Every structure is written in structure tokens, then in C-alpha cells.
>>> print(open('coords.cif').read())   # mmCIF, C-alpha atoms
data_upload
#
loop_
_atom_site.label_atom_id
_atom_site.label_comp_id
_atom_site.auth_asym_id
_atom_site.auth_seq_id
_atom_site.Cartn_x
_atom_site.Cartn_y
_atom_site.Cartn_z
CA MET A 1 -3.10 17.23 -1.00
CA SER A 2 0.31 18.44 -1.96
CA LEU A 3 1.22 22.01 -1.20
CA TYR A 4 2.71 22.32 -4.61
CA ARG A 5 2.06 20.84 -8.01
CA GLY A 6 4.72 21.15 -10.65
CA GLY A 7 4.22 24.30 -12.67
CA SER A 8 2.00 26.08 -10.23
CA ALA A 9 3.21 28.71 -7.83
CA LEU A 10 4.29 27.97 -4.29
CA PRO A 11 1.77 29.08 -1.68
CA THR A 12 1.85 32.74 -0.74
CA ASP A 13 -0.19 32.96 2.44
CA PRO A 14 2.00 33.32 5.53
CA GLU A 15 0.92 30.13 7.28
CA SER A 16 1.39 27.94 4.22
CA ARG A 17 4.83 29.44 3.69
CA ILE A 18 5.81 28.56 7.24
CA ILE A 19 4.57 25.01 6.72
CA LEU A 20 6.36 24.80 3.37
CA ALA A 21 9.66 25.87 4.96
CA GLY A 22 9.13 23.46 7.83
CA GLU A 23 8.34 20.55 5.55
CA TYR A 24 11.35 21.38 3.38
CA VAL A 25 13.61 21.06 6.40
CA LEU A 26 11.72 18.04 7.70
CA GLY A 27 12.20 16.37 4.31
CA THR A 28 8.58 15.45 3.63
CA LEU A 29 8.27 17.39 0.38
CA ASP A 30 8.44 15.44 -2.85
CA ALA A 31 11.44 16.00 -5.10
CA ALA A 32 9.72 18.53 -7.39
CA THR A 33 8.43 20.65 -4.54
CA ALA A 34 11.74 20.50 -2.67
CA ARG A 35 13.48 21.73 -5.83
CA ALA A 36 10.88 24.47 -6.26
CA VAL A 37 11.60 25.63 -2.72
CA GLN A 38 15.34 25.65 -3.42
CA ASP A 39 14.75 27.70 -6.55
CA ALA A 40 12.39 30.08 -4.77
CA MET A 41 14.89 30.68 -1.96
CA ILE A 42 17.32 32.24 -4.43
CA GLY A 43 15.12 35.29 -4.78
CA ASP A 44 13.01 35.06 -1.65
CA ALA A 45 14.94 36.14 1.41
CA ALA A 46 11.93 35.73 3.69
CA LEU A 47 11.47 32.11 2.66
CA THR A 48 15.20 31.51 3.08
CA ALA A 49 14.99 32.98 6.57
CA LEU A 50 12.08 30.67 7.42
CA VAL A 51 14.00 27.65 6.18
CA GLN A 52 17.09 28.66 8.14
CA GLU A 53 15.00 29.16 11.22
CA PHE A 54 13.58 25.62 10.99
CA GLU A 55 17.06 24.26 10.26
CA ARG A 56 18.40 25.90 13.39
CA ARG A 57 15.46 24.81 15.54
CA LEU A 58 15.34 21.20 14.42
CA ALA A 59 19.10 20.63 14.07
CA PRO A 60 19.47 19.01 17.52
CA LEU A 61 17.27 16.11 16.39
CA VAL A 62 20.16 14.61 14.41
CA ALA A 63 21.43 13.49 17.81
CA MET A 64 18.71 10.83 17.68
CA SER A 65 20.44 9.02 14.79
CA ALA A 66 22.63 6.21 16.06
CA PRO A 67 26.30 6.82 15.17
CA GLU A 68 27.76 4.23 12.85
CA ALA A 69 31.24 3.88 11.38
CA PRO A 70 31.40 4.32 7.60
CA PRO A 71 33.18 1.76 5.37
CA VAL A 72 36.94 1.97 5.90
CA GLU A 73 37.73 2.80 2.29
CA LEU A 74 35.41 5.78 2.17
CA TRP A 75 38.02 8.39 3.01
CA SER A 76 40.27 7.29 0.16
CA ARG A 77 37.29 7.57 -2.20
CA ILE A 78 36.65 11.11 -0.99
CA GLU A 79 40.30 11.99 -1.28
CA ALA A 80 40.42 10.67 -4.84
CA ALA A 81 37.26 12.57 -5.74
CA ILE A 82 38.61 15.92 -4.60
CA SER A 83 41.70 15.58 -6.73
CA PRO A 84 40.63 14.32 -10.12
CA LYS A 85 42.95 14.87 -13.02
CA PRO A 86 40.89 15.16 -16.17
CA ARG A 87 43.01 14.38 -19.16
CA VAL A 88 43.12 17.19 -21.66
CA ALA A 89 42.10 16.24 -25.15
CA PRO A 90 44.83 16.62 -27.73
CA ALA A 91 44.24 19.74 -29.76
CA ARG A 92 44.82 18.78 -33.36
CA PRO A 93 43.81 20.96 -36.28
CA ALA A 94 40.42 20.09 -37.65
CA ARG A 95 37.92 21.19 -40.19
CA LEU A 96 35.27 23.51 -38.95
CA ARG A 97 31.94 21.96 -38.23
CA LEU A 98 28.62 23.63 -37.91
CA TRP A 99 27.84 23.97 -34.29
CA GLN A 100 24.80 26.18 -34.34
CA GLY A 101 22.53 23.28 -35.08
CA TRP A 102 22.75 21.86 -31.61
CA ALA A 103 19.53 22.38 -29.83
CA VAL A 104 19.59 23.20 -26.20
CA GLY A 105 16.87 20.91 -25.03
CA ALA A 106 15.44 22.64 -22.07
CA SER A 107 15.54 26.00 -20.46
CA LEU A 108 17.29 25.27 -17.28
CA ALA A 109 16.43 26.91 -14.08
CA ALA A 110 19.28 27.47 -11.75
CA VAL A 111 19.17 24.21 -9.96
CA ALA A 112 20.03 24.85 -6.41
CA PHE A 113 22.05 22.32 -4.57
CA ALA A 114 20.45 20.69 -1.64
CA GLY A 115 21.12 22.85 1.33
CA LEU A 116 20.94 26.03 -0.61
CA ALA A 117 19.65 27.61 2.54
CA LEU A 118 23.36 27.92 3.08
CA LEU A 119 23.63 30.64 0.50
CA PRO A 120 26.94 31.76 -0.92
CA PRO A 121 28.42 34.89 0.58
CA ARG A 122 27.19 38.14 -0.91
CA GLY A 123 29.02 39.48 -3.92
CA VAL A 124 30.04 36.07 -5.16
CA PRO A 125 28.74 35.36 -8.65
CA MET A 126 28.28 31.64 -8.52
CA MET A 127 26.72 29.80 -11.40
CA THR A 128 25.01 26.49 -11.60
CA GLY A 129 23.36 24.40 -14.24
CA VAL A 130 22.37 20.90 -14.97
CA MET A 131 23.11 18.79 -18.00
CA LEU A 132 20.25 16.73 -19.23
CA ALA A 133 20.24 13.48 -21.12
CA ASP A 134 17.34 12.32 -23.25
CA ALA A 135 13.84 12.85 -21.93
CA ASN A 136 15.03 15.81 -19.91
CA GLN A 137 16.42 13.50 -17.32
CA LEU A 138 18.87 15.18 -15.00
CA ALA A 139 22.29 13.72 -15.48
CA TRP A 140 25.04 16.05 -14.33
CA GLN A 141 25.03 19.05 -12.10
CA ALA A 142 27.51 21.78 -12.87
CA ALA A 143 28.63 24.67 -10.74
CA ILE A 144 31.15 27.46 -11.15
CA ASP A 145 32.62 28.56 -7.86
CA ARG A 146 33.88 31.96 -7.01
CA GLN A 147 37.40 31.04 -8.10
CA GLY A 148 35.97 30.30 -11.54
CA ALA A 149 36.51 26.56 -11.19
CA LEU A 150 33.99 24.18 -12.73
CA HIS A 151 32.61 21.36 -10.61
CA LEU A 152 30.63 18.57 -12.20
CA ALA A 153 28.75 16.01 -10.20
CA ALA A 154 26.93 13.06 -11.65
CA LEU A 155 23.35 12.86 -10.49
CA ALA A 156 21.83 9.52 -9.76
CA SER A 157 19.08 8.45 -12.11
CA PRO A 158 15.68 7.53 -10.66
CA GLU A 159 16.95 3.95 -10.73
CA GLY A 160 19.80 5.02 -8.50
CA ALA A 161 22.54 4.60 -11.05
CA PRO A 162 24.87 7.40 -12.11
CA PRO A 163 24.46 8.60 -15.71
CA ASP A 164 25.83 6.38 -18.42
CA THR A 165 29.53 6.23 -18.60
CA ALA A 166 31.10 6.00 -22.00
CA PRO A 167 30.37 2.78 -23.89
CA ARG A 168 33.36 0.51 -24.43
CA GLY A 169 35.77 1.97 -26.94
CA HIS A 170 34.64 5.54 -26.40
CA ASP A 171 35.38 8.44 -24.11
CA LEU A 172 33.20 11.26 -22.89
CA GLN A 173 34.49 14.72 -23.62
CA LEU A 174 33.40 17.91 -21.92
CA TRP A 175 32.86 21.15 -23.84
CA ALA A 176 31.90 24.72 -23.06
CA GLN A 177 30.44 27.28 -25.40
CA PRO A 178 30.15 30.85 -24.08
CA PRO A 179 27.12 32.83 -25.24
CA GLY A 180 27.79 34.30 -28.66
CA ALA A 181 30.67 31.94 -29.39
CA LYS A 182 30.37 30.05 -32.66
CA ALA A 183 31.96 26.86 -31.45
CA PRO A 184 32.56 25.05 -28.20
CA VAL A 185 35.91 24.72 -26.55
CA SER A 186 37.15 21.42 -25.19
CA LEU A 187 37.48 21.19 -21.43
CA GLY A 188 39.00 17.76 -21.66
CA VAL A 189 38.11 14.12 -21.65
CA LEU A 190 36.26 13.01 -18.54
CA PRO A 191 38.04 10.51 -16.37
CA ARG A 192 36.25 7.18 -16.54
CA GLY A 193 33.91 6.23 -13.76
CA GLN A 194 34.28 9.49 -11.86
CA ALA A 195 31.09 10.81 -10.36
CA VAL A 196 32.71 14.15 -9.60
CA VAL A 197 35.03 16.20 -11.75
CA ASN A 198 36.64 19.50 -10.81
CA ILE A 199 38.41 21.66 -13.35
CA SER A 200 40.13 24.63 -11.82
CA ALA A 201 41.62 26.34 -14.86
CA LEU A 202 39.07 26.74 -17.66
CA PRO A 203 40.20 27.84 -21.11
CA VAL A 204 37.11 30.08 -21.32
CA THR A 205 35.71 32.61 -18.90
CA PRO A 206 32.57 31.12 -17.39
CA GLN A 207 29.52 33.32 -17.67
CA PRO A 208 25.79 32.91 -17.29
CA GLY A 209 24.30 31.45 -20.44
CA MET A 210 27.36 29.38 -21.22
CA VAL A 211 26.42 26.00 -22.65
CA ILE A 212 28.22 22.98 -21.31
CA MET A 213 27.92 19.58 -22.89
CA ILE A 214 29.38 16.14 -22.98
CA SER A 215 29.88 14.32 -26.26
CA LEU A 216 30.70 10.73 -27.09
CA GLU A 217 34.12 10.57 -28.73
CA PRO A 218 36.77 8.11 -29.83
CA PRO A 219 39.21 7.04 -27.11
CA GLY A 220 41.33 9.98 -26.06
CA GLY A 221 38.86 12.55 -27.31
CA ALA A 222 37.77 14.18 -30.53
CA PRO A 223 40.55 14.19 -33.12
CA GLY A 224 39.98 17.86 -33.81
CA ASN A 225 38.99 20.74 -31.63
CA LEU A 226 35.28 20.24 -32.14
CA PRO A 227 32.96 17.49 -31.00
CA THR A 228 32.47 14.72 -33.51
CA GLY A 229 30.08 12.39 -31.74
CA LYS A 230 26.63 12.42 -30.29
CA VAL A 231 25.97 14.98 -27.57
CA MET A 232 25.07 12.87 -24.59
CA PHE A 233 24.35 15.61 -22.06
CA ILE A 234 23.77 19.31 -22.49
CA GLY A 235 22.87 22.21 -20.25
CA ARG A 236 23.31 25.89 -19.63
CA LEU A 237 24.76 27.80 -16.70
CA THR A 238 22.69 30.35 -14.88
CA GLN A 239 23.50 32.75 -12.12
CA ALA A 240 23.05 30.98 -8.81
CA GLY A 241 22.95 33.78 -6.33
CA PRO A 242 21.72 37.37 -6.32
CA PRO A 243 24.48 39.61 -7.74
CA THR A 244 25.36 42.40 -5.35
CA MET B 1 47.14 17.52 25.55
CA GLN B 2 46.77 20.23 23.00
CA ALA B 3 43.27 21.59 22.61
CA GLU B 4 41.51 20.36 19.49
CA THR B 5 41.14 22.78 16.66
CA SER B 6 37.46 23.75 16.49
CA LEU B 7 35.35 22.53 13.61
CA SER B 8 34.81 26.13 12.49
CA ASP B 9 38.56 26.67 12.33
CA LEU B 10 38.96 23.44 10.38
CA LEU B 11 36.28 24.62 7.94
CA ALA B 12 38.17 27.88 7.50
CA GLN B 13 41.27 25.85 6.64
CA VAL B 14 39.23 23.82 4.15
CA VAL B 15 38.25 27.07 2.44
CA ALA B 16 41.97 27.68 1.96
CA GLY B 17 42.24 24.29 0.24
CA ASP B 18 43.71 22.38 3.17
CA ARG B 19 43.04 18.66 2.61
CA ASP B 20 44.37 17.72 6.02
CA ALA B 21 41.71 19.92 7.57
CA LEU B 22 39.02 18.10 5.58
CA ARG B 23 40.50 14.82 6.71
CA ALA B 24 40.47 16.00 10.32
CA ILE B 25 36.78 16.86 9.97
CA TYR B 26 36.17 13.42 8.47
CA VAL B 27 38.05 11.63 11.23
CA ARG B 28 36.15 13.52 13.88
CA GLN B 29 32.67 13.56 12.35
CA SER B 30 32.27 10.67 9.93
CA THR B 31 30.82 8.21 12.43
CA ARG B 32 28.17 10.65 13.56
CA LEU B 33 27.43 11.81 10.00
CA PHE B 34 27.32 8.29 8.59
CA GLY B 35 24.77 7.52 11.30
CA VAL B 36 22.65 10.46 10.10
CA ALA B 37 22.72 9.11 6.53
CA MET B 38 22.11 5.53 7.67
CA ALA B 39 19.06 6.52 9.70
CA ILE B 40 17.54 7.84 6.48
CA LEU B 41 18.84 5.36 3.89
CA ARG B 42 19.28 2.14 5.94
CA ASP B 43 21.76 0.91 3.34
CA ARG B 44 25.52 1.15 3.86
CA THR B 45 26.35 1.48 0.17
CA ALA B 46 23.85 4.27 -0.38
CA ALA B 47 24.87 5.99 2.86
CA ALA B 48 28.54 5.82 1.88
CA ASP B 49 27.76 7.41 -1.49
CA VAL B 50 25.87 10.15 0.29
CA LEU B 51 28.67 10.78 2.77
CA GLN B 52 31.14 11.02 -0.10
CA GLU B 53 28.88 13.47 -1.91
CA ALA B 54 28.45 15.46 1.30
CA PHE B 55 32.21 15.72 1.87
CA LEU B 56 32.66 16.97 -1.68
CA ARG B 57 30.07 19.63 -0.98
CA ILE B 58 31.88 20.49 2.23
CA TRP B 59 35.16 20.70 0.32
CA GLN B 60 33.61 22.98 -2.28
CA ARG B 61 31.36 25.04 -0.08
CA ALA B 62 33.09 25.37 3.26
CA GLY B 63 33.22 29.10 2.47
CA GLN B 64 29.46 29.27 2.82
CA PHE B 65 29.61 28.25 6.45
CA ASP B 66 28.87 31.25 8.62
CA ALA B 67 29.83 30.77 12.24
CA GLN B 68 27.55 33.68 13.18
CA ARG B 69 24.54 31.77 11.98
CA GLY B 70 24.94 28.36 13.45
CA ASP B 71 27.42 25.85 14.70
CA ALA B 72 29.67 23.86 12.44
CA SER B 73 28.49 20.41 13.44
CA ALA B 74 24.89 21.38 12.65
CA TRP B 75 26.02 22.75 9.29
CA LEU B 76 27.79 19.49 8.47
CA ALA B 77 24.82 17.39 9.55
CA ALA B 78 22.44 19.51 7.45
CA ILE B 79 24.55 18.88 4.34
CA VAL B 80 24.50 15.14 5.00
CA ARG B 81 20.77 15.12 5.76
CA TYR B 82 19.81 16.99 2.59
CA ALA B 83 22.07 14.76 0.49
CA ALA B 84 20.51 11.67 2.09
CA LEU B 85 17.00 13.00 1.54
CA ASP B 86 17.82 13.65 -2.12
CA ALA B 87 19.10 10.10 -2.44
CA ALA B 88 16.02 8.72 -0.70
CA ARG B 89 13.79 10.66 -3.08
CA ALA B 90 15.78 9.49 -6.10
CA ARG B 91 15.48 5.92 -4.87
CA GLY B 92 11.72 6.32 -4.72
CA ARG B 93 10.27 6.76 -1.29
CA GLU B 94 6.87 5.52 -2.35
CA VAL B 95 8.34 2.07 -1.89
CA LEU B 96 7.46 1.53 1.72
CA SER B 97 9.94 0.00 4.07
CA ASP B 98 9.15 -3.61 4.90
CA ASN B 99 10.73 -3.25 8.30
CA PRO B 100 7.88 -3.01 10.82
CA THR B 101 10.19 -1.88 13.61
CA LEU B 102 11.65 0.98 11.62
CA GLY B 103 11.61 4.11 13.72
CA ASP B 104 11.05 2.31 16.98
CA GLY B 105 14.20 3.93 18.31
CA VAL B 106 13.13 7.51 17.85
CA LEU B 107 9.69 6.75 19.19
CA GLU B 108 11.00 5.29 22.43
CA ALA B 109 10.70 7.54 25.41
CA GLU B 110 14.28 6.76 26.34
CA ALA B 111 15.70 8.09 23.06
CA PHE B 112 13.44 11.11 23.18
CA ASN B 113 14.42 11.91 26.72
CA THR B 114 18.10 12.07 25.86
CA LEU B 115 17.21 15.42 24.29
CA ALA B 116 16.20 16.69 27.70
CA ARG B 117 19.67 16.12 29.15
CA ASN B 118 21.48 18.60 27.00
CA ASP B 119 21.11 22.35 27.53
CA GLU B 120 21.05 23.05 23.82
CA THR B 121 18.28 20.57 23.13
CA LYS B 122 16.28 20.94 26.32
CA ARG B 123 14.06 23.63 24.87
CA LEU B 124 13.31 21.64 21.74
CA HIS B 125 12.57 18.64 23.92
CA GLY B 126 10.14 20.68 26.00
CA CYS B 127 8.30 21.95 22.94
CA LEU B 128 8.14 18.50 21.34
CA ASP B 129 6.91 17.15 24.63
CA HIS B 130 3.96 19.55 24.46
CA LEU B 131 2.84 18.12 21.12
CA PRO B 132 0.26 15.35 21.09
CA PRO B 133 2.35 12.14 20.87
CA PRO B 134 1.27 11.21 17.34
CA HIS B 135 2.17 14.68 16.01
CA ARG B 136 5.57 14.36 17.65
CA ALA B 137 6.02 10.86 16.24
CA GLY B 138 5.32 12.08 12.72
CA ILE B 139 7.90 14.84 13.01
CA LEU B 140 10.57 12.58 14.48
CA LEU B 141 10.04 9.83 11.90
CA ALA B 142 10.27 12.36 9.10
CA PHE B 143 13.29 14.22 10.42
CA VAL B 144 15.41 11.38 11.73
CA HIS B 145 14.45 8.59 9.32
CA GLY B 146 13.54 10.68 6.30
CA LEU B 147 10.12 9.06 6.03
CA SER B 148 7.71 10.55 3.52
CA HIS B 149 4.10 11.32 4.40
CA PRO B 150 2.88 7.93 3.09
CA GLU B 151 5.64 6.14 5.00
CA VAL B 152 4.79 7.93 8.23
CA ALA B 153 1.11 7.12 7.64
CA ALA B 154 1.94 3.42 7.16
CA ARG B 155 4.24 3.35 10.16
CA LEU B 156 1.64 4.95 12.44
CA ASP B 157 -1.22 3.09 10.78
CA GLN B 158 -3.16 6.27 10.14
CA PRO B 159 -4.79 7.78 7.04
CA LEU B 160 -2.44 9.86 4.91
CA GLY B 161 -4.48 13.05 5.26
CA THR B 162 -4.51 12.75 9.03
CA VAL B 163 -0.76 12.35 9.20
CA LYS B 164 -0.13 15.28 6.88
CA SER B 165 -2.30 17.48 9.00
CA TRP B 166 -0.59 16.30 12.21
CA ILE B 167 2.82 17.13 10.81
CA ARG B 168 1.73 20.56 9.62
CA ARG B 169 0.09 21.44 12.89
CA GLY B 170 3.08 20.05 14.73
CA LEU B 171 5.47 22.28 12.77
CA LEU B 172 3.35 25.37 13.44
CA SER B 173 3.09 24.72 17.16
CA LEU B 174 6.78 23.87 17.43
CA ARG B 175 7.70 27.13 15.79
CA GLU B 176 5.42 29.07 18.06
CA CYS B 177 6.72 27.30 21.13
CA LEU B 178 10.38 27.84 20.18
CA SER B 179 10.18 31.49 19.21
#
>>> encode(input="coords.cif", output="C-alpha cells")
Amino acid sequence: MSLYRGGSALPTDPESRIILAGEYVLGTLDAATARAVQDAMIGDAALTALVQEFERRLAPLVAMSAPEAPPVELWSRIEAAISPKPRVAPARPARLRLWQGWAVGASLAAVAFAGLALLPPRGVPMMTGVMLADANQLAWQAAIDRQGALHLAALASPEGAPPDTAPRGHDLQLWAQPPGAKAPVSLGVLPRGQAVVNISALPVTPQPGMVIMISLEPPGGAPGNLPTGKVMFIGRLTQAGPPT
Amino acid sequence: MQAETSLSDLLAQVVAGDRDALRAIYVRQSTRLFGVAMAILRDRTAAADVLQEAFLRIWQRAGQFDAQRGDASAWLAAIVRYAALDAARARGREVLSDNPTLGDGVLEAEAFNTLARNDETKRLHGCLDHLPPPHRAGILLAFVHGLSHPEVAARLDQPLGTVKSWIRRGLLSLRECLS
């Protein structure tokens, strides 16, 4: 029997919590339970401590993996991924469009990154969110770091493929809409085929509740300063760590 | 020869945005870390994707490393392991490996005994050694190869419920032994 079924609470008795933390570190939890543990750790210092304890205790076992050299081109891929240059969509005047009609599909829990046991330093208001495609399928993970930079990472689909890139003849454009704002602001056209995008200078101040979305646009981006095409992915940022 | 900059110092330089420091970490650690991902994913393309993802996390989150709480190489390996486990889950771990020898390495006494030779791992070795062998096997297969409960059960040719209970009891006794 699983320790956790989606929607129900994680176990509360001390022994089950120890086992849960141990199995999280061991890696035997299913995806939903592992995510539930990551979420729970945000507000549960005792659980976080248990997880960290197992991490520390079991860490030496990685020595049992046989070392193997990675593909030679991997470093250049990493280097390219840490310095993406998203093109900025041209800002041309445009007619106002109704924005309020967009539905935010799901209420998004702060999705913790794997390894959230490594919590951000105290006092750092980090934010995370995920953007979902149809059927609530996770597609992109977003995070605001303490410098206020936005980091987007494509999540693999259950089939192992990254989320759809723009169909031929289109570009994907990223937008942010702070809570209370009537319209989104363009954050630029996403570079093609990039699984990771970092944007260090945002034209809006990131805050919890901010909606981020990706729309399908003509090449080069929306002709105006509002999205014109289908919203492919949408999500909302939430506070990632306890504010202190 | 000049002493090598420590991994913790390199991570501190990464926090300051130093790409060369990240590269130095990669040069020094990528073979070990790729091995960690390969042990779990057994696919070079998938393991390369995971290592790339892990280095992006390291680039973005080096500031979360706390030298007071653990050593840098363990921190790096944990990032790679969790990323590889996520990838293994996304790939669908219910598809059992068709490799009957998978995990033989970690189950060999020789590999296990290497843990006894190092001061840092001697204690863990001692505690694992106290576990009944099948409990230990379940824990090693899960940790090193990222096997799920059903995969461990298939590998050890035991009922799923039995294996789950072995692993749970093994974790509890390990914790008790190590604290």
C-alpha cells in the first residue's frame, strides 16, 4: 500500500514520517507522493530535518555508482543554456484587447524543485510556479530567484519529450501579468528549442500571484503589446519559501 | 603544484556568477556525477539531459549550498540524483528493466565492502552490514539504481509487499544504528 494517495494527507505518526522521509531520499516514492513531500517540506521544518538527515546519512552510497564520462559536447550545451538571449518582442502600438477572460486553469501549489531539502537561505523571497498545458499537464517550471530574475525550465512530458515547441511559422512569446494588472506585459519571444530560459531584467516586479503564460504568436512575436494567439501554457507564481 | 580550490569555494564563486568556477566544478565532477545519473537511467542521452539540468540548478542555486550542513560533493550528487529520479519517474518506472543483471554490481560483496575502506563511509557500511541481506539489497538497489518498489521486487524475485516492508524496516534500523 502506498503511504500517500493523491489528495489525502501525508502520514502524521512519527514512525511513518521517518519512513516517508527515508523513502523520499531513497527515491522509492511515486511522483505524486514525492511532490507532496517537497510541498510539505516548505512548511514543515521537522520533516525537512528528517529528509536532510537521511540525505546526509545515505550520501556516501553514491560512491557505489561507477564513474562514467559524459558526452564530450555536454559542457557546451550547459554553457549555452546558462546564457540564453531571449529576443525581445518589438513593442508596436496596438489596440487594447480584453484580457480578463483568460482562465487560469488550475490553482498551482508552489511546486518545489527536486532537492528542495536544500532550502533557500532565510529571508529570501523566492517564488516558483508551473505553467500547465491542456489537461493540467505540467509543461514549464518557473522560478524567481532572489535577484528577481526569472528562470524557466521545460519539464519533460510523461512521454519524455519537452513541451511542444512552436509549430512551424510561429513563435512562442512569454508574458507576465502581476495581480491586479489589467493586461500582461511581454517578457519576450522564447528562443527556439531552448529547454531553459533565464531572464534577468524583468519589465515588471515579480510578486506572488503573478500570472505567467506563453502564447502562440506570428514569427517575431505579437504585433502589438498584447498576446494575439492561443495561450499554450499558463501558471501562477507562489511564494516558495517561508518569508522571514 | 598549487592546491586545488575546494568545491565549496568554487560554489561560492558560482554564486557570484563566475562561469569559470562552474566549468571547474564540471571538469572535476562530471565523470562521477554522470555515473550517478547513469546508474539510475542507464541511458546516455537521458543521463546527459539530467546532468545538464543538474548543472543549471547548480548555477542557479549554488547560494543554497551550506557548507555547515554537508560537504559540497554530496550536495552536487544529491542534485543529480533527484534530477535523475525525476527523469526516471517521468519515463515511467513501472516499465521493468529487461536487464536481468541490473544491480549485480551493488549487490556484490566486493562493491559493498569498498564502503568499509573509507572512514566517512565505514559507519554506514557497518550499519548496512547489520541489516538482513535482502533488506540491504532493497535499499542499495533503490538508492544507487533508482529502482522503484516493483522493480526491486522483480529484481529480488519477492512479493511487492514483502519488499516494501523490508525497505521500510531497513530504513528505520539504519537510522537507529546511525544516530
>>> closest_atom_pairs(input="coords.cif", of="chain B", to="chain A", cutoff="8 Å", atoms="all atoms listed in the file", output="tab-separated table")
residue	atom	partner	partner_atom	distance
B:Arg23	CA	A:Trp75	CA	7.8
B:Tyr26	CA	A:Trp75	CA	7.7
B:Ser30	CA	A:Pro70	CA	6.8
B:Thr31	CA	A:Ala69	CA	4.5
B:Arg32	CA	A:Pro67	CA	4.6
B:Leu33	CA	A:Pro67	CA	7.3
B:Phe34	CA	A:Pro70	CA	5.8
B:Gly35	CA	A:Pro67	CA	4.2
B:Val36	CA	A:Ser65	CA	5.4
B:Met38	CA	A:Glu68	CA	7.8
B:Ala39	CA	A:Ser65	CA	5.8
B:Arg44	CA	A:Pro70	CA	7.7
B:Ala48	CA	A:Pro70	CA	6.6
B:Gln52	CA	A:Ile78	CA	5.6
B:Phe55	CA	A:Ile78	CA	7.0
B:Leu56	CA	A:Ile82	CA	6.7
B:Trp59	CA	A:Ile82	CA	7.7
B:Gln60	CA	A:Asp145	CA	8.0
B:Gly63	CA	A:Pro120	CA	7.6
B:Gln64	CA	A:Pro120	CA	5.2
B:Phe65	CA	A:Leu118	CA	7.1
B:Gly70	CA	A:Arg56	CA	7.0
B:Ala74	CA	A:Ala59	CA	6.0
B:Ala77	CA	A:Val62	CA	7.3
B:Ala78	CA	A:Gly115	CA	7.1
B:Ile79	CA	A:Gly115	CA	6.0
B:Tyr82	CA	A:Ala114	CA	5.7
B:Ala83	CA	A:Ala114	CA	6.5
B:Leu85	CA	A:Gly27	CA	6.5
B:Asp86	CA	A:Ala31	CA	7.4
B:Ala87	CA	A:Ala156	CA	7.8
B:Arg89	CA	A:Ala31	CA	6.2
B:Ala90	CA	A:Pro158	CA	5.0
B:Arg91	CA	A:Gly160	CA	5.7
B:Gly92	CA	A:Pro158	CA	7.2
B:Val106	CA	A:Met64	CA	6.5
B:Ala111	CA	A:Met64	CA	6.7
B:Phe112	CA	A:Met64	CA	7.6
B:Leu115	CA	A:Leu61	CA	7.9
B:Glu120	CA	A:Pro60	CA	7.6
B:Thr121	CA	A:Pro60	CA	5.9
B:Leu124	CA	A:Arg57	CA	7.3
B:Ile139	CA	A:Leu26	CA	7.3
B:Leu140	CA	A:Leu61	CA	7.8
B:Ala142	CA	A:Leu26	CA	6.0
B:Phe143	CA	A:Leu26	CA	4.9
B:Val144	CA	A:Val62	CA	6.3
B:Gly146	CA	A:Gly27	CA	6.2
B:Leu147	CA	A:Thr28	CA	7.0
B:Ser148	CA	A:Thr28	CA	5.0
B:His149	CA	A:Thr28	CA	6.1
B:Gly161	CA	A:Met1	CA	7.7
B:Arg168	CA	A:Ile19	CA	6.0
B:Leu171	CA	A:Gly22	CA	6.3
B:Leu172	CA	A:Ile19	CA	6.8
B:Arg175	CA	A:Phe54	CA	7.7
B:Leu178	CA	A:Arg57	CA	7.5
>>> residues_around(input="coords.cif", residues="Ala109 (chain B)", least_positions_apart="6", cutoff="12 Å", atoms="only C-alpha atoms", output="list in words")
Met64 of chain A; Leu115, Ala116, His125, Leu128, Asp129, Pro133, Arg136 and Ala137 of chain B
>>> atom_distance(input="coords.cif", atom1="CA of Gly220 (chain A)", atom2="CA of His170 (chain A)")
8.0 Å
